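Okay, upload22.cif now, which holds mmCIF, C-alpha atoms:
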data_upload
loop_
_atom_site.label_atom_id
_atom_site.label_comp_id
_atom_site.auth_asym_id
_atom_site.auth_seq_id
_atom_site.Cartn_x
_atom_site.Cartn_y
_atom_site.Cartn_z
CA MET A 13 130.56 90.31 129.97
CA GLN A 14 127.40 88.25 129.50
CA CYS A 15 124.18 90.16 128.92
CA PRO A 16 121.22 89.73 131.31
CA PRO A 17 117.77 88.81 130.04
CA ILE A 18 115.41 91.65 129.17
CA ARG A 19 111.76 91.27 130.08
CA GLY A 20 109.71 90.73 126.95
CA TYR A 21 112.80 91.15 124.77
CA GLY A 22 114.82 88.59 122.81
CA TYR A 23 116.65 87.04 125.74
CA ASN A 24 114.04 84.43 126.73
CA GLY A 25 112.74 86.74 129.46
CA ARG A 26 109.20 87.31 130.59
CA HIS A 27 107.13 90.43 129.97
CA GLY A 28 108.07 93.19 132.34
CA PHE A 29 104.75 94.88 132.93
CA GLN A 30 101.14 95.27 131.89
CA SER A 31 99.60 98.29 130.23
CA ARG A 32 97.53 100.49 132.55
CA ARG A 33 94.58 101.80 132.28
CA ARG A 34 91.86 114.44 124.98
CA HIS A 35 91.71 117.30 122.09
CA CYS A 36 89.59 117.25 119.04
CA PHE A 37 90.95 117.37 115.52
CA ARG A 38 88.26 118.33 113.07
CA HIS A 39 88.86 118.42 109.34
CA ARG A 40 87.48 121.67 107.97
CA ASN A 41 88.20 121.02 104.31
CA MET A 42 86.87 117.61 103.39
CA ASP A 43 87.68 117.96 99.67
CA ALA A 44 91.36 118.58 100.38
CA PHE A 45 91.49 115.81 102.94
CA PHE A 46 89.99 113.22 100.62
CA ALA A 47 91.80 114.28 97.45
CA SER A 48 93.24 110.76 97.14
CA ILE A 49 89.81 109.10 97.29
CA PRO A 50 87.84 108.74 94.00
CA PRO A 51 84.67 110.86 94.14
CA ARG A 52 81.32 109.13 94.06
CA THR A 53 78.60 109.90 91.57
CA PRO A 54 76.65 112.85 93.01
CA SER A 55 73.46 111.97 91.13
CA LYS A 56 72.63 109.31 93.72
CA ARG A 57 72.44 111.84 96.56
CA SER A 58 69.65 114.25 97.43
CA PRO A 59 70.85 117.88 97.66
CA LEU A 60 70.50 118.07 101.42
CA PRO A 61 71.82 121.22 103.16
CA ARG A 62 74.90 120.72 105.28
CA PRO A 63 75.68 122.44 108.58
CA SER A 64 78.69 124.69 108.78
CA LEU A 65 81.92 123.13 110.05
CA VAL A 66 82.67 124.06 113.64
CA ASN A 67 85.88 123.48 115.57
CA SER A 68 85.35 122.11 119.05
CA ILE A 69 87.16 120.14 121.73
CA HIS A 70 85.61 116.87 122.92
CA ASN A 71 86.33 115.10 126.16
CA GLY A 72 84.78 111.66 126.42
CA ALA A 73 85.44 107.99 126.91
CA SER A 74 86.62 105.73 124.14
CA LEU A 75 83.89 103.58 122.66
CA ARG A 76 83.56 100.70 120.19
CA ARG A 77 86.53 99.44 118.21
CA VAL A 78 87.06 99.88 114.49
CA ASP A 79 86.60 96.48 112.86
CA HIS A 80 89.33 95.64 110.35
CA ARG A 81 88.78 91.89 110.49
CA ASN A 82 88.92 90.21 107.09
CA GLY A 83 88.59 93.61 105.41
CA PHE A 84 84.85 93.80 106.18
CA PRO A 85 83.57 97.39 106.24
CA GLU A 86 82.12 99.21 109.21
CA ASN A 87 78.33 99.37 109.06
CA LEU A 88 76.77 102.70 110.08
CA SER A 89 73.21 101.60 109.24
CA ARG A 90 70.59 102.67 111.76
CA ASN A 91 69.65 99.17 112.82
CA PRO A 92 67.87 99.08 116.22
CA SER A 93 70.36 96.44 117.36
CA SER A 94 73.35 98.58 116.39
CA LYS A 95 76.01 99.09 119.10
CA TRP A 96 77.07 102.52 117.88
CA LYS A 97 77.43 105.14 120.60
CA SER A 98 75.78 108.44 119.75
CA ASP A 99 74.94 111.88 121.11
CA PRO A 100 71.39 113.20 121.60
CA ILE A 101 69.61 114.28 118.39
CA ARG A 102 69.94 118.03 117.75
CA TYR A 103 67.23 120.13 116.04
CA SER A 104 67.87 123.33 114.06
CA LYS A 105 65.17 126.02 114.49
CA LEU A 106 66.48 127.96 111.50
CA SER A 107 66.24 125.25 108.84
CA GLY A 108 63.86 122.78 110.47
CA MET A 109 66.42 120.06 109.78
CA VAL A 110 67.32 117.46 112.37
CA LYS A 111 71.02 116.93 113.10
CA PRO A 112 71.48 113.19 113.77
CA PRO A 113 73.67 112.03 116.65
CA THR A 114 77.42 111.78 116.05
CA ILE A 115 78.67 108.22 115.54
CA GLU A 116 81.82 107.31 117.51
CA ARG A 117 84.24 104.43 117.12
CA ASN A 118 87.67 103.55 118.53
CA LEU A 119 90.66 103.67 116.20
CA GLU A 120 93.47 101.57 117.66
CA CYS A 121 97.07 102.71 117.11
CA THR A 122 100.39 101.21 118.18
CA LEU A 123 102.92 103.17 120.23
CA GLU A 124 105.08 103.36 117.10
CA GLU A 125 102.22 104.91 115.10
CA LEU A 126 101.49 107.43 117.86
CA CYS A 127 105.18 108.30 118.19
CA TYR A 128 106.11 108.71 114.52
CA GLY A 129 102.69 109.38 112.96
CA CYS A 130 100.89 107.43 110.23
CA MET A 131 97.91 107.37 107.86
CA LYS A 132 95.08 105.01 108.83
CA LYS A 133 92.41 104.05 106.29
CA VAL A 134 89.05 102.77 107.49
CA MET A 135 86.25 101.44 105.28
CA ILE A 136 82.69 102.12 106.45
CA THR A 137 79.28 101.26 105.06
CA ARG A 138 76.64 103.96 105.50
CA ASP A 139 73.07 104.78 104.51
CA VAL A 140 72.78 107.19 101.56
CA LEU A 141 69.60 108.95 100.41
CA THR A 142 69.06 108.91 96.62
CA LEU A 143 67.25 111.57 94.57
CA SER A 144 64.22 109.30 94.41
CA GLY A 145 64.02 109.18 98.19
CA GLN A 146 65.32 105.64 98.57
CA ILE A 147 67.98 104.72 101.12
CA ILE A 148 70.83 102.59 99.82
CA GLN A 149 74.12 101.51 101.38
CA GLU A 150 77.46 102.71 100.06
CA ASP A 151 81.07 102.03 101.06
CA GLU A 152 83.34 104.89 102.04
CA ILE A 153 87.08 104.91 102.77
CA LEU A 154 88.00 107.45 105.44
CA SER A 155 91.64 108.42 105.86
CA VAL A 156 92.79 109.48 109.31
CA LYS A 157 96.14 111.23 109.55
CA VAL A 158 97.63 110.39 112.95
CA ASN A 159 100.10 113.07 114.01
CA PRO A 160 103.23 112.34 116.10
CA GLY A 161 102.54 112.67 119.80
CA TRP A 162 98.81 112.00 119.72
CA LYS A 163 97.43 110.33 122.85
CA LYS A 164 94.51 108.04 123.52
CA GLY A 165 91.27 109.96 123.63
CA THR A 166 92.18 112.30 120.77
CA LYS A 167 89.16 112.64 118.45
CA VAL A 168 88.98 113.02 114.68
CA THR A 169 85.58 114.08 113.30
CA PHE A 170 84.38 113.78 109.70
CA GLU A 171 81.49 116.21 109.09
CA GLY A 172 78.50 114.69 107.32
CA MET A 173 80.13 111.34 106.53
CA GLY A 174 77.64 109.27 108.50
CA ASN A 175 74.13 108.04 107.65
CA GLU A 176 71.71 110.11 105.59
CA SER A 177 67.93 110.14 106.11
CA PRO A 178 64.98 112.24 104.87
CA GLY A 179 64.57 115.62 106.57
CA ALA A 180 67.90 115.46 108.35
CA TYR A 181 71.50 116.45 107.90
CA ALA A 182 74.01 113.68 107.30
CA ALA A 183 75.43 112.41 110.58
CA ASP A 184 79.02 113.08 111.62
CA VAL A 185 81.53 110.27 112.18
CA THR A 186 84.10 110.58 114.97
CA PHE A 187 87.06 108.25 115.54
CA VAL A 188 88.53 108.13 119.06
CA ILE A 189 92.23 107.25 119.22
CA ALA A 190 92.90 104.16 121.34
CA GLU A 191 96.33 102.86 122.34
CA LYS A 192 97.30 99.24 121.70
CA ARG A 193 99.21 97.43 124.43
CA HIS A 194 102.91 97.06 123.66
CA SER A 195 104.91 93.93 124.51
CA LEU A 196 107.88 95.88 125.90
CA PHE A 197 107.01 99.50 126.64
CA ARG A 198 104.38 101.29 128.70
CA ARG A 199 103.51 104.91 127.98
CA VAL A 200 103.29 107.46 130.78
CA GLY A 201 102.58 110.87 129.25
CA ASP A 202 105.47 111.59 126.87
CA ASP A 203 107.76 109.04 128.59
CA LEU A 204 108.15 105.32 128.04
CA GLU A 205 108.84 102.73 130.75
CA LEU A 206 110.82 99.51 130.29
CA THR A 207 111.55 96.82 132.90
CA VAL A 208 114.73 94.72 132.66
CA GLU A 209 115.53 91.50 134.53
CA ILE A 210 119.12 91.21 135.77
CA PRO A 211 120.91 88.43 137.73
CA LEU A 212 122.04 89.21 141.28
CA VAL A 213 125.71 88.79 140.43
CA LYS A 214 125.42 91.36 137.62
CA ALA A 215 123.50 93.73 139.89
CA LEU A 216 126.39 93.58 142.37
CA THR A 217 129.36 93.58 140.00
CA GLY A 218 128.13 95.65 137.04
CA CYS A 219 127.57 94.70 133.41
CA SER A 220 126.88 95.94 129.89
CA PHE A 221 123.85 94.96 127.80
CA PRO A 222 121.69 96.23 124.89
CA ILE A 223 118.42 98.07 125.55
CA PRO A 224 115.62 97.90 122.94
CA LEU A 225 114.30 101.17 121.54
CA LEU A 226 110.82 102.01 120.25
CA GLY A 227 110.65 101.53 116.50
CA GLY A 228 113.52 99.03 116.41
CA GLY A 229 117.22 99.13 117.17
CA THR A 230 119.08 98.98 120.46
CA MET A 231 121.53 101.03 122.48
CA ASN A 232 124.23 99.70 124.79
CA LEU A 233 123.78 100.44 128.49
CA GLU A 234 126.81 100.38 130.81
CA MET A 235 126.09 99.61 134.47
CA ASP A 236 129.01 100.20 136.86
CA GLU A 237 127.09 100.95 140.05
CA ILE A 238 125.32 98.46 142.31
CA ILE A 239 121.69 97.97 141.28
CA GLY A 240 119.35 97.79 144.24
CA PRO A 241 115.55 97.79 144.71
CA GLY A 242 113.89 100.76 142.97
CA TYR A 243 116.96 101.59 140.89
CA GLN A 244 116.12 103.34 137.60
CA ARG A 245 118.17 104.64 134.68
CA VAL A 246 116.78 107.51 132.56
CA ILE A 247 117.65 107.65 128.85
CA LYS A 248 116.77 111.10 127.55
CA GLY A 249 115.10 111.61 124.18
CA GLN A 250 114.01 107.99 123.66
CA GLY A 251 110.40 108.34 124.78
CA MET A 252 107.28 109.41 122.88
CA ALA A 253 107.05 112.40 120.55
CA ASN A 254 105.84 115.66 122.12
CA LYS A 255 103.09 117.13 119.92
CA LYS A 256 103.47 120.54 121.57
CA GLU A 257 107.20 120.66 120.74
CA PRO A 258 107.76 119.12 117.28
CA GLY A 259 111.04 117.24 117.06
CA SER A 260 111.34 116.67 120.81
CA ARG A 261 110.69 113.41 122.65
CA GLY A 262 110.23 112.30 126.23
CA ASN A 263 112.50 109.95 128.16
CA LEU A 264 112.88 106.17 128.36
CA ASN A 265 112.84 105.14 132.02
CA VAL A 266 114.52 101.76 132.57
CA SER A 267 113.69 99.89 135.79
CA PHE A 268 115.49 96.77 137.00
CA LEU A 269 114.20 93.56 138.51
CA VAL A 270 116.97 91.68 140.28
CA ASN A 271 116.75 87.88 140.07
CA PHE A 272 117.98 86.15 143.24
CA PRO A 273 119.18 82.53 143.14
CA LYS A 274 116.57 80.02 144.29
CA ASP A 275 119.09 77.81 146.09
CA LEU A 276 122.68 77.94 147.39
CA THR A 277 125.00 75.20 148.59
CA ASN A 278 126.66 75.45 151.97
CA GLU A 279 129.94 76.31 150.28
CA GLN A 280 128.27 79.13 148.33
CA ARG A 281 126.63 80.50 151.45
CA THR A 282 129.98 80.49 153.25
CA ALA A 283 131.66 82.23 150.30
CA ALA A 284 128.91 84.87 150.16
CA VAL A 285 129.28 85.60 153.87
CA SER A 286 133.07 85.85 153.60
CA VAL A 287 132.81 88.28 150.66
CA LEU A 288 129.88 90.39 151.79
CA GLY A 289 130.34 90.17 155.53
CA ASP A 290 128.40 92.94 157.24
CA SER A 291 128.32 95.17 154.14
CA GLY A 292 124.47 95.29 154.16
#

Show how you would write the structure in this file as structure tokens.
Amino acid sequence: MQCPPIRGYGYNGRHGFQSRRRHCFRHRNMDAFFASIPPRTPSKRSPLPRPSLVNSIHNGASLRRVDHRNGFPENLSRNPSSKWKSDPIRYSKLSGMVKPPTIERNLECTLEELCYGCMKKVMITRDVLTLSGQIIQEDEILSVKVNPGWKKGTKVTFEGMGNESPGAYAADVTFVIAEKRHSLFRRVGDDLELTVEIPLVKALTGCSFPIPLLGGGTMNLEMDEIIGPGYQRVIKGQGMANKKEPGSRGNLNVSFLVNFPKDLTNEQRTAAVSVLGDSG
């Protein structure tokens, strides 16, 4: 039986929907986390004291996007025209050192990356204080391990990896996970939603067609019942990963959009009446 078009999928259909519009993951051991990154020469840095690492949970809005265009690094320099979002400056009574505001940036991830996990590398350029008291700019590569099931708003903080300045601790850098819009699927919690276009005749008589799955591949869907307005088919275990239950996934909810013919001949209208009668 002939397959119906799928919205946004490879059957010359249109997109089925638009994307709508937190936790904190803080790395306590920076040396272990950056074992794969070559160490920089410590002689260029002043031996500034560092605050202790503290675990905390942040709830806040996503901010500026990480800029990967043309491989140019992020610039953390304290330029007055900078668009970095930061927290109020904090002052330590014990050490007399100022704690600069935390620098936040968006880190965009695809649904596939948030479902299966990935490693994202971001290059930044930051101010570094030398032993002679000069401020120079250095490039850093920060590696963010995205765990399966993470959602937008999740924060990853790198202690002391921001700008350095005299009389102050090095600033922290926080990346806020942002979700890229997908061409086929829309995420709702741990579930995914997919909209399929189907001709009226198939909606009335039944059909069989392939359904795309996140990450590639398809599965065949058999439709024997009549598909009416609001009809939905739930495919268990084909949604997003559940970070609270490793190995488990949400559902894929498939909705149907029935395409009615734009015009009928008199003979077709008569045939439709004779077949359907008063069945509605």

Do you have the CA of Gly129 (chain A)-CA of Ile247 (chain A) distance handy?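 Between CA of Gly129 (chain A) and CA of Ile247 (chain A) the gap is 21.9 Å.
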
Using all atoms listed in the file - which residues lie no farther than 8 Å from the point (95.6, 106.9, 117.6) in the file's frame? Write them as a tab-separated table (two decimals) with C-alpha atoms, in the coordinates of the input.
chain	number	residue	atom	x	y	z
A	119	LEU	CA	90.66	103.67	116.20
A	120	GLU	CA	93.47	101.57	117.66
A	121	CYS	CA	97.07	102.71	117.11
A	122	THR	CA	100.39	101.21	118.18
A	125	GLU	CA	102.22	104.91	115.10
A	126	LEU	CA	101.49	107.43	117.86
A	158	VAL	CA	97.63	110.39	112.95
A	162	TRP	CA	98.81	112.00	119.72
A	163	LYS	CA	97.43	110.33	122.85
A	164	LYS	CA	94.51	108.04	123.52
A	166	THR	CA	92.18	112.30	120.77
A	188	VAL	CA	88.53	108.13	119.06
A	189	ILE	CA	92.23	107.25	119.22
A	190	ALA	CA	92.90	104.16	121.34
A	191	GLU	CA	96.33	102.86	122.34

Nearest candidate to Phe221 (chain A) (options A:Val266, A:Val168, A:Ala284, A:Leu233; using only C-alpha atoms):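 Using only C-alpha atoms, Phe221 (chain A) sits closest to A:Leu233.
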
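For the choices A:Met135, A:Leu276, A:Cys127, A:Val213, the atom-to-atom distance to Arg261 (chain A) is smallest for A:Cys127 when using only C-alpha atoms.
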
Between CA of Asp236 (chain A) and CA of Asp275 (chain A), what distance in Å does the model show, to one decimal?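 A separation of 26.2 Å between them.
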
One decimal place gives the CA of Asp151 (chain A)-CA of Val185 (chain A) separation as 13.8 Å

When you count all atoms listed in the file, which of these residues is closest to Ile239 (chain A): A:Leu154, A:Leu216, A:Leu141, A:Met173?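 Comparing A:Leu154, A:Leu216, A:Leu141, A:Met173 against Ile239 (chain A), the winner is A:Leu216.
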
Counting all atoms listed in the file, figure out which residue out of A:Asn118, A:Asn278, A:Asn271, A:Asn265 gets nearest to Arg199 (chain A). A:Asn265

Taking only C-alpha atoms into account, which of A:Lys255, A:Arg138, A:Arg281, A:Arg245 comes nearest Asp184 (chain A)?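 Checking each candidate against Asp184 (chain A), we get A:Arg138 as the closest.
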
Return the single residue from A:Glu116, A:Glu124, A:Glu152, A:Glu234 that is closest to His194 (chain A), with distances computed using only C-alpha atoms.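 Of A:Glu116, A:Glu124, A:Glu152, A:Glu234, the one nearest His194 (chain A), counting only C-alpha atoms, is A:Glu124.
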
Excluding Glu205 (chain A) and any residue of its chain fewer than 3 positions from it, enumerate the residues within 12 Å of it, using all atoms listed in the file, and give them as a ChimeraX atom specification. /A:19,28-32,194-202,208,223-226,244-248,250-252,262-268

Show me, as JSON, the centre and edge lengths in Å to one decimal of the axis-aligned box that covers every listed atom of region 241-248 of chain A with 5 Å on each side.
{"center_x": 116.0, "center_y": 104.4, "center_z": 136.1, "size_x": 14.3, "size_y": 23.3, "size_z": 27.2}

Name the residues that the PyMOL selection byres ((chain A and resi 217) around 12) pulls out of this structure, and write them as a PyMOL selection string. chain A and resi 13-14+210-216+218-220+234-240
